[in-house]
Structure formats: C-alpha cells, structure tokens
file protein-v3.cif (mmCIF, C-alpha atoms)
data_data
loop_
_atom_site.label_atom_id
_atom_site.label_comp_id
_atom_site.auth_asym_id
_atom_site.auth_seq_id
_atom_site.Cartn_x
_atom_site.Cartn_y
_atom_site.Cartn_z
CA MET A 6 23.70 10.68 3.87
CA GLN A 7 20.16 9.37 4.06
CA GLN A 8 18.17 9.82 0.85
CA LEU A 9 15.41 12.36 1.37
CA LEU A 10 13.07 11.43 -1.48
CA ASN A 11 12.73 9.16 -4.49
CA ILE A 12 11.29 11.71 -6.93
CA ILE A 13 9.18 10.47 -9.85
CA PHE A 14 8.15 13.86 -11.23
CA GLU A 15 8.40 17.52 -10.29
CA ASP A 16 7.31 20.83 -11.78
CA ALA A 17 6.13 24.18 -10.45
CA GLU A 18 2.82 22.69 -9.27
CA LEU A 19 3.46 19.05 -8.39
CA LEU A 20 5.87 16.80 -6.59
CA VAL A 21 5.28 13.09 -7.13
CA VAL A 22 7.40 10.66 -5.11
CA ASN A 23 7.82 6.95 -4.55
CA LYS A 24 7.19 6.64 -0.81
CA PRO A 25 9.26 3.88 0.80
CA ALA A 26 7.70 1.23 2.99
CA ASP A 27 7.87 1.79 6.77
CA LEU A 28 7.55 5.56 6.49
CA VAL A 29 4.49 7.39 7.83
CA CYS A 30 3.01 10.19 5.74
CA HIS A 31 2.46 12.69 8.54
CA PRO A 32 4.87 14.11 11.13
CA THR A 33 5.69 12.14 14.26
CA LYS A 34 7.82 12.88 17.29
CA GLY A 35 10.88 11.62 15.45
CA ASP A 36 13.50 13.56 13.50
CA VAL A 37 13.05 15.33 10.14
CA TYR A 38 13.42 12.03 8.30
CA SER A 39 10.65 10.26 10.24
CA SER A 40 7.72 11.20 7.97
CA LEU A 41 7.21 11.80 4.28
CA ILE A 42 5.77 15.28 4.72
CA SER A 43 8.70 16.40 6.89
CA ARG A 44 11.16 15.14 4.26
CA VAL A 45 9.25 17.01 1.56
CA ARG A 46 9.36 20.22 3.60
CA LEU A 47 13.07 19.79 4.11
CA TYR A 48 13.53 19.26 0.36
CA LEU A 49 11.33 22.16 -0.79
CA GLY A 50 12.52 24.61 1.82
CA PRO A 51 10.59 26.98 4.08
CA ASP A 52 9.25 29.19 1.28
CA VAL A 53 7.27 26.48 -0.53
CA SER A 54 4.08 25.04 0.93
CA CYS A 55 3.23 21.40 0.39
CA HIS A 56 -0.10 19.60 0.56
CA MET A 57 -0.41 15.82 0.53
CA VAL A 58 -3.06 14.76 -2.00
CA ASN A 59 -3.15 11.00 -1.47
CA ARG A 60 -1.96 9.07 1.57
CA LEU A 61 -0.54 5.60 1.90
CA ASP A 62 -0.37 3.41 4.99
CA ARG A 63 2.95 3.35 6.80
CA GLU A 64 4.02 0.02 5.31
CA THR A 65 2.59 0.60 1.82
CA SER A 66 5.09 1.97 -0.67
CA GLY A 67 4.54 3.77 -3.94
CA VAL A 68 3.23 6.75 -5.88
CA THR A 69 2.32 9.69 -3.67
CA PHE A 70 1.16 13.13 -4.88
CA LEU A 71 2.01 16.42 -3.20
CA ALA A 72 0.80 19.82 -4.37
CA LYS A 73 2.89 22.95 -4.04
CA SER A 74 -0.10 25.21 -3.39
CA SER A 75 -3.53 24.95 -1.82
CA ALA A 76 -5.14 25.77 -5.19
CA VAL A 77 -3.45 22.83 -6.91
CA ALA A 78 -4.27 20.59 -3.96
CA GLY A 79 -7.91 21.59 -4.34
CA GLU A 80 -7.93 20.79 -8.06
CA LEU A 81 -6.40 17.38 -7.50
CA GLY A 82 -8.67 16.72 -4.55
CA LYS A 83 -11.70 17.22 -6.77
CA LEU A 84 -10.35 14.62 -9.22
CA TRP A 85 -9.92 12.12 -6.38
CA GLU A 86 -13.40 12.84 -5.04
CA ALA A 87 -14.93 12.42 -8.50
CA ARG A 88 -13.16 9.05 -8.91
CA ALA A 89 -11.44 10.42 -11.99
CA VAL A 90 -8.15 8.90 -10.85
CA GLU A 91 -7.20 5.28 -11.54
CA LYS A 92 -4.88 3.67 -9.02
CA GLU A 93 -3.04 0.42 -9.61
CA TYR A 94 -1.32 -1.62 -6.91
CA LEU A 95 0.90 -4.68 -6.78
CA ALA A 96 0.43 -7.20 -3.98
CA ILE A 97 1.83 -10.55 -2.90
CA VAL A 98 -0.69 -12.68 -1.03
CA HIS A 99 -0.70 -15.99 0.78
CA GLY A 100 -2.03 -19.00 -1.14
CA HIS A 101 -2.79 -19.57 -4.79
CA VAL A 102 -5.67 -17.40 -5.98
CA GLY A 103 -7.87 -19.67 -8.09
CA ASP A 104 -9.35 -17.25 -10.63
CA GLU A 105 -7.21 -15.39 -13.15
CA SER A 106 -9.14 -12.22 -12.33
CA GLY A 107 -12.08 -11.16 -10.24
CA THR A 108 -14.00 -8.45 -8.48
CA ILE A 109 -14.44 -8.22 -4.71
CA GLU A 110 -17.46 -6.14 -3.76
CA LEU A 111 -17.93 -6.18 0.00
CA PRO A 112 -19.03 -3.29 2.29
CA LEU A 113 -16.54 -2.05 4.86
CA GLY A 114 -16.88 -0.45 8.27
CA LYS A 115 -15.32 -0.22 11.71
CA ASP A 116 -14.30 -3.49 13.35
CA GLU A 117 -16.01 -3.06 16.70
CA LYS A 118 -14.66 -6.38 17.99
CA SER A 119 -11.05 -5.27 17.64
CA ILE A 120 -9.09 -3.45 20.33
CA ILE A 121 -7.26 -1.58 17.55
CA SER A 122 -9.13 1.63 16.80
CA VAL A 123 -7.98 1.96 13.18
CA LYS A 124 -9.05 -1.53 12.17
CA ASP A 125 -11.98 -1.99 9.79
CA CYS A 126 -13.71 -5.12 8.51
CA VAL A 127 -16.36 -6.44 6.13
CA ARG A 128 -19.79 -5.73 7.60
CA PRO A 129 -23.29 -5.74 6.03
CA ASP A 130 -24.05 -2.18 7.14
CA GLY A 131 -20.73 -0.84 5.91
CA THR A 132 -19.85 1.47 3.04
CA THR A 133 -19.78 0.08 -0.49
CA ALA A 134 -16.30 -0.96 -1.61
CA LYS A 135 -15.10 -2.56 -4.86
CA THR A 136 -11.72 -4.04 -5.76
CA GLN A 137 -10.61 -5.77 -8.96
CA PHE A 138 -7.63 -8.13 -9.09
CA TYR A 139 -5.60 -9.87 -11.79
CA VAL A 140 -3.18 -12.76 -11.26
CA LEU A 141 0.32 -12.02 -12.52
CA LYS A 142 1.99 -15.14 -11.14
CA ARG A 143 1.43 -18.05 -8.81
CA PHE A 144 4.54 -19.43 -7.17
CA ALA A 145 5.89 -21.40 -4.25
CA ARG A 146 9.07 -21.04 -2.25
CA GLU A 147 10.81 -22.41 0.80
CA ILE A 148 10.42 -20.13 3.81
CA ARG A 149 12.52 -20.36 6.96
CA GLY A 150 10.38 -21.59 9.84
CA PHE A 151 7.72 -23.15 7.58
CA ALA A 152 7.40 -26.82 6.60
CA GLY A 153 7.70 -27.34 2.86
CA PRO A 154 7.24 -24.90 -0.03
CA GLN A 155 4.64 -22.22 0.71
CA PRO A 156 2.16 -20.98 -1.94
CA PHE A 157 1.89 -17.31 -2.92
CA THR A 158 0.26 -15.24 -5.64
CA PHE A 159 1.54 -12.03 -7.21
CA LEU A 160 -1.41 -9.75 -8.05
CA ARG A 161 -2.22 -6.55 -9.89
CA VAL A 162 -4.98 -4.81 -7.94
CA VAL A 163 -7.23 -1.93 -9.01
CA PRO A 164 -9.43 -0.37 -6.31
CA ARG A 165 -12.61 1.11 -7.77
CA THR A 166 -13.44 2.86 -4.50
CA GLY A 167 -11.11 4.44 -1.97
CA ARG A 168 -12.04 3.07 1.44
CA LYS A 169 -9.56 2.83 4.31
CA HIS A 170 -7.50 -0.38 4.15
CA GLN A 171 -9.77 -1.55 1.33
CA ILE A 172 -7.34 -3.76 -0.59
CA ARG A 173 -5.97 -5.35 2.56
CA ILE A 174 -9.41 -6.18 3.96
CA HIS A 175 -10.84 -7.42 0.66
CA LEU A 176 -7.93 -9.77 -0.01
CA GLN A 177 -8.12 -11.11 3.54
CA ALA A 178 -11.88 -11.62 3.10
CA ILE A 179 -11.35 -13.98 0.14
CA GLY A 180 -8.80 -15.99 2.09
CA HIS A 181 -5.62 -14.44 0.68
CA PRO A 182 -4.17 -11.90 3.13
CA ILE A 183 -1.20 -9.82 2.03
CA VAL A 184 2.18 -11.23 3.03
CA GLY A 185 3.59 -9.29 5.97
CA ASP A 186 0.31 -7.58 6.90
CA LYS A 187 0.45 -7.12 10.67
CA LEU A 188 -3.15 -5.91 11.06
CA TYR A 189 -5.13 -8.08 8.62
CA GLY A 190 -2.89 -11.12 8.43
CA GLY A 191 -4.67 -13.12 11.12
CA ASP A 192 -2.93 -12.01 14.32
CA GLU A 193 -3.49 -8.36 15.18
CA ASP A 194 -1.05 -8.61 18.11
CA LEU A 195 1.64 -8.31 15.44
CA TYR A 196 0.40 -4.78 14.81
CA LEU A 197 0.47 -3.98 18.53
CA ALA A 198 3.94 -5.49 18.82
CA LEU A 199 5.20 -3.21 16.06
CA ALA A 200 3.59 -0.13 17.61
CA GLN A 201 4.97 -1.01 21.05
CA HIS A 202 8.46 -1.81 19.74
CA ARG A 203 8.36 -5.41 20.96
CA LEU A 204 8.27 -7.33 17.67
CA ASN A 205 10.46 -10.40 18.25
CA ASP A 206 12.33 -12.78 15.94
CA GLU A 207 9.59 -15.43 16.05
CA GLN A 208 6.98 -12.87 14.98
CA ARG A 209 9.22 -11.56 12.22
CA THR A 210 9.64 -15.11 10.94
CA ARG A 211 5.87 -15.57 10.79
CA LEU A 212 5.46 -12.30 8.91
CA ILE A 213 8.03 -13.48 6.30
CA LEU A 214 8.65 -9.95 4.96
CA PRO A 215 9.72 -6.85 6.93
CA ASN A 216 6.81 -4.81 5.53
CA GLN A 217 3.47 -5.72 3.99
CA ALA A 218 3.77 -6.61 0.29
CA LEU A 219 1.52 -3.85 -1.06
CA HIS A 220 2.83 -1.24 -3.48
CA ALA A 221 1.05 1.67 -5.19
CA ALA A 222 2.52 1.10 -8.65
CA ALA A 223 0.68 3.66 -10.79
CA ILE A 224 -1.68 6.61 -10.76
CA ARG A 225 -3.42 7.71 -13.97
CA LEU A 226 -5.43 10.90 -14.39
CA THR A 227 -6.15 13.73 -16.80
CA TRP A 228 -4.27 16.83 -15.70
CA HIS A 229 -4.60 20.16 -17.51
CA GLY A 230 -6.40 18.40 -20.36
CA GLU A 231 -3.75 15.73 -20.91
CA PRO A 232 -3.77 12.07 -19.81
CA ARG A 233 -0.88 11.46 -17.43
CA GLU A 234 0.56 8.35 -15.83
CA PHE A 235 2.98 8.23 -12.90
CA THR A 236 4.60 4.91 -12.02
CA ALA A 237 7.02 3.55 -9.43
CA GLU A 238 8.84 0.26 -8.94
CA PRO A 239 8.55 -1.67 -5.64
CA GLU A 240 11.46 -1.99 -3.27
CA GLU A 241 13.99 -4.80 -3.38
CA PHE A 242 12.40 -6.85 -0.58
CA PHE A 243 9.20 -6.98 -2.62
CA THR A 244 10.65 -7.66 -6.07
CA SER A 245 13.15 -10.27 -4.91
CA PHE A 246 10.43 -12.21 -3.09
CA ALA A 247 8.17 -12.22 -6.15
CA ASN A 248 10.91 -12.95 -8.68
CA ASP A 249 13.47 -15.14 -6.90
CA SER A 250 11.03 -18.03 -6.55
CA ALA A 251 10.02 -21.31 -8.06
CA PRO A 252 8.58 -21.20 -11.61
CA ALA A 253 5.07 -19.94 -12.14
CA ILE A 254 2.35 -22.46 -11.37
CA PRO A 255 -0.70 -22.73 -13.66
CA ALA A 256 -4.20 -22.53 -12.24
#
call {"tool": "encode", "arguments": {"input": "protein-v3.cif", "output": "structure tokens"}}
result
Amino acid sequence: MQQLLNIIFEDAELLVVNKPADLVCHPTKGDVYSSLISRVRLYLGPDVSCHMVNRLDRETSGVTFLAKSSAVAGELGKLWEARAVEKEYLAIVHGHVGDESGTIELPLGKDEKSIISVKDCVRPDGTTAKTQFYVLKRFAREIRGFAGPQPFTFLRVVPRTGRKHQIRIHLQAIGHPIVGDKLYGGDEDLYLALAQHRLNDEQRTRLILPNQALHAAAIRLTWHGEPREFTAEPEEFFTSFANDSAPAIPA
C-alpha cells in the first residue's frame, strides 16, 4: 500500500509532515494520492478541516505545516508574515562554491522574457530578497554522460525573505544552479518536457537527479510561548548523491 504521509509531528492543532519530492501541494486531476493536501484529507477524514500554512514547489521536499482549523492557520500565518519563522534548507549545486558562507541579496520579479508564466528572475525593479548560504561540503564525482569528475557543493541555505523560487534563482544567479532544477538550471525546455510528459533519457541524464536537490530541512518558531523546531531528513536520492562521493575538497 502506498504510504500516505511521512508525519513529523501531530497534535490537536497541527500536522507537520515531510513532503516527498515530485508531489504537488494542491489537488490535481489525479487520484487521491496525487497531491499533499488530498493525502492529508484522506488521512484526517471528512470531519477534520486542514489548511496548508507553507507551500513547497513540486520537486522540493521537506517540512510542511498544516493547521487543523482556520483559527490555527491564521495564527501561524501571522508568524510567517511577521518573518518570525526561520527556515533552513539543504541544497546540492553545480560547481564548487568559493566562499565558506555568504549572503545573496538580489531583487526578484517576473521573467518577462520566458514563455513559462511561473518563472521569475533577478531584476533591478524587483522585490527585495535575501538568502544566506553555508558550505557543508565540496565534492566531485563521476557522472554518466559527463567527461571526467564533476564538481558539486553541498549547502545549508537560510532564506531571510520568502519570495517565490528565491533560493533557486539566487543560487543560479551566482553561477551555482541546483542539481536537477528543470526551470532554473539553464534549459527551461526541461521544465516544459516534464509538464508535457515528454522528458527523454538524454534530458534525464543531463539533469543527473530525478528531482531538484532542494530540501526544506527545518522550521523553527515560537509556538504558544515555547521555541519549537521541526526537522526532516532528505530522501535517499539526495543523501546518497551528497554522501556517496569523493572526499571533501578544501576551498
């Protein structure tokens, strides 16, 4: 039987889950397993309402909050709006990031040159966005279809603002796109190919990983007067790629 949910925490008010990669948050035309919210409704039953507090992209895995009432959703929403929530991500990017840590502060807005309506980009008249990163590991590994060992960096990423696709765009902007990113990895036709169900073997080889290597690892907030932390481990495709590699490479 297909697993409905990977539950991190649950009480009378909250349900916190580790969303898998390649699962949309909102209902689609598929079956009851095809979105996170439909799985949650199936799990909670018809008598319990559920409200998604934070949303992750289809291919981003990790900590996702759901409230069991509109009142609780409103309380949590205020915390998110007030930036009283700290989010921490893990990412694997192409290339060796030179600095051990850094801050990317670049404004974001709609990419008017792209045929993909959801795509954003760095633009001078965009909305302020700030992302901090910390190098966990630089490594290289042999990749099928590529000549010689390829360089990668394993990062801890902390977004200080919550713009759409912020981490993905910021890392691309400094020359280190996320491995497996079909929209911001350099060839947006990969995104269209996925949406149109025509992704072929050659494209999958170029992507290296089946889903983008971005994982929402932790959310920290003060809830009912107490500091709380909710964490989740990445999936096997992510951890094995980061760990089953050549030794770490110094800067």
call {"tool": "resolve_selection", "arguments": {"input": "protein-v3.cif", "expression": "the PyMOL selection byres ((chain A and resi 104) around 12)", "output": "ChimeraX atom specification"}}
result
/A:101-103,105-109,137-143,158,160,179,255-256
call {"tool": "resolve_selection", "arguments": {"input": "protein-v3.cif", "expression": "the PyMOL selection byres ((chain A and resi 59-72) around 6)", "output": "number ranges by chain"}}
result
A: 19-29, 55-58, 73-74, 77-78, 216-217, 219-222
call {"tool": "atom_distance", "arguments": {"input": "protein-v3.cif", "atom1": "CA of Leu212 (chain A)", "atom2": "CA of Asp186 (chain A)"}}
result
7.3 Å
call {"tool": "residues_near_point", "arguments": {"input": "protein-v3.cif", "point": "(-9.6, 4.2, -7.5)", "cutoff": "9 Å", "atoms": "all atoms listed in the file", "output": "list in words"}}
result
Trp85, Arg88, Ala89, Val90, Glu91, Lys92, Glu93, Thr136, Val163, Pro164, Arg165, Thr166, Gly167 and Ile224 of chain A
call {"tool": "atom_distance", "arguments": {"input": "protein-v3.cif", "atom1": "CA of Gly180 (chain A)", "atom2": "CA of Val127 (chain A)"}}
result
12.8 Å
call {"tool": "atom_distance", "arguments": {"input": "protein-v3.cif", "atom1": "CA of Pro232 (chain A)", "atom2": "CA of Leu81 (chain A)"}}
result
13.7 Å
call {"tool": "resolve_selection", "arguments": {"input": "protein-v3.cif", "expression": "the PyMOL selection byres ((chain A and resi 147) around 12)", "output": "CSV table (one decimal) with C-alpha atoms, keeping the file's coordinate frame"}}
result
chain,number,residue,atom,x,y,z
A,144,PHE,CA,4.5,-19.4,-7.2
A,145,ALA,CA,5.9,-21.4,-4.2
A,146,ARG,CA,9.1,-21.0,-2.2
A,148,ILE,CA,10.4,-20.1,3.8
A,149,ARG,CA,12.5,-20.4,7.0
A,150,GLY,CA,10.4,-21.6,9.8
A,151,PHE,CA,7.7,-23.2,7.6
A,152,ALA,CA,7.4,-26.8,6.6
A,153,GLY,CA,7.7,-27.3,2.9
A,154,PRO,CA,7.2,-24.9,0.0
A,155,GLN,CA,4.6,-22.2,0.7
A,156,PRO,CA,2.2,-21.0,-1.9
A,157,PHE,CA,1.9,-17.3,-2.9
A,213,ILE,CA,8.0,-13.5,6.3
A,246,PHE,CA,10.4,-12.2,-3.1
A,249,ASP,CA,13.5,-15.1,-6.9
A,250,SER,CA,11.0,-18.0,-6.6
A,251,ALA,CA,10.0,-21.3,-8.1
call {"tool": "residues_around", "arguments": {"input": "protein-v3.cif", "residues": "Asp130 (chain A)", "least_positions_apart": "4", "cutoff": "8 Å", "atoms": "all atoms listed in the file", "output": "ChimeraX atom specification"}}
result
/A:112-114
call {"tool": "closest_residue", "arguments": {"input": "protein-v3.cif", "among": "A:Thr236, A:Gln208, A:Asn248, A:Ser122", "to": "Asp192 (chain A)", "atoms": "all atoms listed in the file"}}
result
A:Gln208
call {"tool": "residues_around", "arguments": {"input": "protein-v3.cif", "residues": "Ala178 (chain A)", "least_positions_apart": "4", "cutoff": "9 Å", "atoms": "all atoms listed in the file", "output": "list in words"}}
result
Ile109, Leu111, Cys126, Val127, Arg173, Ile174 and Pro182 of chain A
call {"tool": "closest_residue", "arguments": {"input": "protein-v3.cif", "among": "A:Ala17, A:Leu84, A:Val53, A:Ile172", "to": "Ala134 (chain A)", "atoms": "all atoms listed in the file"}}
result
A:Ile172
